[in-house]
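This report concerns only the one structure given below.
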Amino acid sequence: MRRLRCEDLADGAEPGVEQVIAHGGEALQCEIGIAVHAVFGQRVMAEQPRPDRSLVVGAVAPHRVATVVAVVGRIVRTERAQPEAGQQRATNRVDDACCRGAFDQGQIPTVACFSKATVALGVDLDRLLGALQKFVDRHLAPVWGTPARLVRASGFVRRAWAMVFLDDADVKDALAYHDLTPDGFPLAKIFVRTTLRNGDKVSVSAAHELAEMLVDPAINLASTGPRNMLYAYETADPVESEEFPVDGVPMTDFVYPSYFEAFRKPGSTKFDHLGRLRRPFQILPGGYQIVYRNGRWTQIYGSKAKARRLAAEDRRGHRSTYRGHPPVRRSAARWGKVLATFATHPAAPLER
């Protein structure tokens with residue numbers, strides 16, 4: 001196997017290699033790793049430096065080598081032409097430990113939660129975040145293996161995922177909150193006015209977005225399902241009309257991993273948290289599912305009424321709209337600080 005170095009990339013070489021290896025510092029490796037993920041929506045690897053100071057950027061399929069060469073080469077040429085800018089980026093870049101897997105793989109992510117909404121949420125923010133933390137600790141994480149630490153913040157927090165409450169997609173500066181946080185981590189947006197206008201609860205929408213972000217942070221997971229369709233790993237959509245209280249705050253129902261296992265027989269196990277589903281890939285009348293069929297991503301519905309209702313909603317800015325279009329744009333750097341934490345013990349007894 002040949003090794004591709006930065007010198008090759010900068011010169012535009014396109015060898016048929018299976019790995020892309022760049023020669024440079026950790027900050028440059030992070031820049032490359034995040035860029036490759038943004039282009040392909042796939043996870044890449046960054047190893048410790050080898051004796052010759054080369055580092056593996058990631059395994060690359062042969063048909064993608066030329067594109068990766070172009071992407072990495074552009075970064076390398078920019079780094080060489082503007083070394084001062086590269087050093088400035090290094091001070092803002094997540095450390096090497098956070099870049100070895102996409103979106104903090106293998107770590108418990110911190111989710112910075114903050115509100116920029118002028119519309120009342122319908123529940124105190126601290127109370128909501130406390131309930132969401134317990135929702136994750138006692139209900140979601142034991143099933144999906146997706147723990148998280150929620151904090152209330154005044155804005156984006158470095159090296160943290162984010163969940164931001166906004167009025168709607170039209171509010172001033174709302175579109176400054178793009179697909180990812182400023183340093184490239186997952187971002188969920190809850191549009192308060194839109195949610196209330198649809199007759200839904202903000203707390204349920206927040207739990208919905210949080211659950212789906214934790215289970216599928218890159219919005220690229222799917223499973224084979226009935227009728228030769230791919231079913232997106234949207235864990236709340238099929239049961240989104242169902243809810244249950246956590247400390248008196250309504251939270252969303254969500255499907256279990258068994259939901260995506262076609263070999264399961266009806267009634268053989270639990271398919272969602274509240275036990276409303278009887279078989280894999282079932283959609284309740286108040287739910288829907290994103291599927292891939294006939295060469296494109298589309299939606300199927302649990303009822304005609306749900307189809308009409310969803311068609312009338314403003315879906316701009318929702319993470320589900322990125323399916324098939326990997327999130328690549330980073331939000332404006334509006335850094336804040338942690339104001340409060342809401343951690344509970346993940347081994348606490350489940351509420352029945």
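In the structure tokens, chains take letters A, B, ... by order of appearance, with residues numbered from 1 within each chain and ligands from 1 in the order shown.
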- Message: Can you tell me which residues surround Ile300 of chain A at a distance of at most 7 Å, considering only C-alpha atoms, apart from same-chain residues fewer than 3 positions away, and format the answer as a PyMOL selection string?
- Response: chain A and resi 288-290
- Considering only C-alpha atoms, return as a list in words whatever protein or nucleic-acid residues lie within 9 Å of Leu210 of chain A, sequence-local ones (same chain, fewer than 6 positions apart) excluded.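 What passes the distance filter is Leu132, Val136, Met163 and Ala188 of chain A.
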- Message: I want to know what sits within 9 Å of segment 189-206 of chain A, based on only C-alpha atoms, with residues of the same chain fewer than 3 positions away left out; could you give that as a ChimeraX atom specification?
- Response: /A:117-123,128,131-132,162-169,177,209-211,240,243-244,249-253,309,313-314,317-319
- Best match for closeness to Tyr301 of chain A among A:Ile108, A:Ala340, A:Ala333, A:Val239, counting only C-alpha atoms: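 Selected residue with least distance to Tyr301 of chain A: A:Val239.
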- Message: Residues within 8 Å of Gly130 of chain A, please, as a list in words. Count only C-alpha atoms; anything in the same chain fewer than 3 positions from it doesn't count.
- Response: Asp126, Arg127, Gln133, Lys134, Phe342 and Ala343 of chain A
- Task: Mind checking which residues fall within 12 Å of Ala141 of chain A, counting only C-alpha atoms, ignoring those fewer than 2 positions away in the same chain, and posting them as a ChimeraX atom specification?
- Result: /A:108,132-139,143-149,210-212,214-215,254,256-257,273,345-348,350
- Figure out the distance between atom CA of Pro285 of chain A and atom CA of Ser303 of chain A, please, to one decimal in Å. 4.9 Å
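When only C-alpha atoms are used to measure the gap to Arg293 of chain A, the shortest distance among A:Ser154, A:Ser115, A:Thr110, A:Asn228 belongs to A:Asn228.
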- Task: Run DSSP on the backbone and give me the residues of segment 161-318 of chain A it puts in alpha helix (DSSP H), as a ChimeraX atom specification.
- Result: /A:192-197,202-215,304-312
Let me see the file: selected residues, C-alpha atoms, as an mmCIF file, in the first residue's frame.
data_model
loop_
_atom_site.group_PDB
_atom_site.id
_atom_site.type_symbol
_atom_site.label_atom_id
_atom_site.label_comp_id
_atom_site.auth_asym_id
_atom_site.auth_seq_id
_atom_site.Cartn_x
_atom_site.Cartn_y
_atom_site.Cartn_z
ATOM 1 C CA VAL A 192 -40.941 27.402 19.712
ATOM 2 C CA ARG A 193 -43.516 29.501 17.890
ATOM 3 C CA THR A 194 -43.853 26.932 15.125
ATOM 4 C CA THR A 195 -44.248 24.109 17.638
ATOM 5 C CA LEU A 196 -46.961 25.913 19.588
ATOM 6 C CA ARG A 197 -48.758 26.971 16.397
ATOM 7 C CA VAL A 202 -42.129 22.405 23.308
ATOM 8 C CA SER A 203 -40.910 19.819 25.824
ATOM 9 C CA VAL A 204 -42.011 16.938 23.586
ATOM 10 C CA SER A 205 -40.362 18.538 20.541
ATOM 11 C CA ALA A 206 -37.150 19.051 22.523
ATOM 12 C CA ALA A 207 -37.092 15.420 23.677
ATOM 13 C CA HIS A 208 -37.814 14.348 20.088
ATOM 14 C CA GLU A 209 -34.901 16.311 18.620
ATOM 15 C CA LEU A 210 -32.536 15.343 21.435
ATOM 16 C CA ALA A 211 -33.274 11.625 21.109
ATOM 17 C CA GLU A 212 -32.767 11.617 17.360
ATOM 18 C CA MET A 213 -29.569 13.657 17.595
ATOM 19 C CA LEU A 214 -28.064 11.261 20.145
ATOM 20 C CA VAL A 215 -28.988 8.114 18.201
ATOM 21 C CA LYS A 304 -53.903 10.568 5.714
ATOM 22 C CA ALA A 305 -54.594 13.093 8.464
ATOM 23 C CA LYS A 306 -50.915 12.988 9.455
ATOM 24 C CA ALA A 307 -49.845 13.501 5.849
ATOM 25 C CA ARG A 308 -52.054 16.592 5.553
ATOM 26 C CA ARG A 309 -50.856 18.000 8.849
ATOM 27 C CA LEU A 310 -47.167 17.494 8.079
ATOM 28 C CA ALA A 311 -47.594 19.062 4.638
ATOM 29 C CA ALA A 312 -48.893 22.222 6.308
#
- Message: Env of Gly155 of chain A: 8 Å cut, atoms = only C-alpha atoms, seq-sep filter 6 positions within chain, self excluded. Answer as a list in words.
- Response: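 Once the nearby chain positions are removed, what remains is Ala112, Cys113, Phe114, Arg334, Trp335, Gly336 and Lys337 of chain A.
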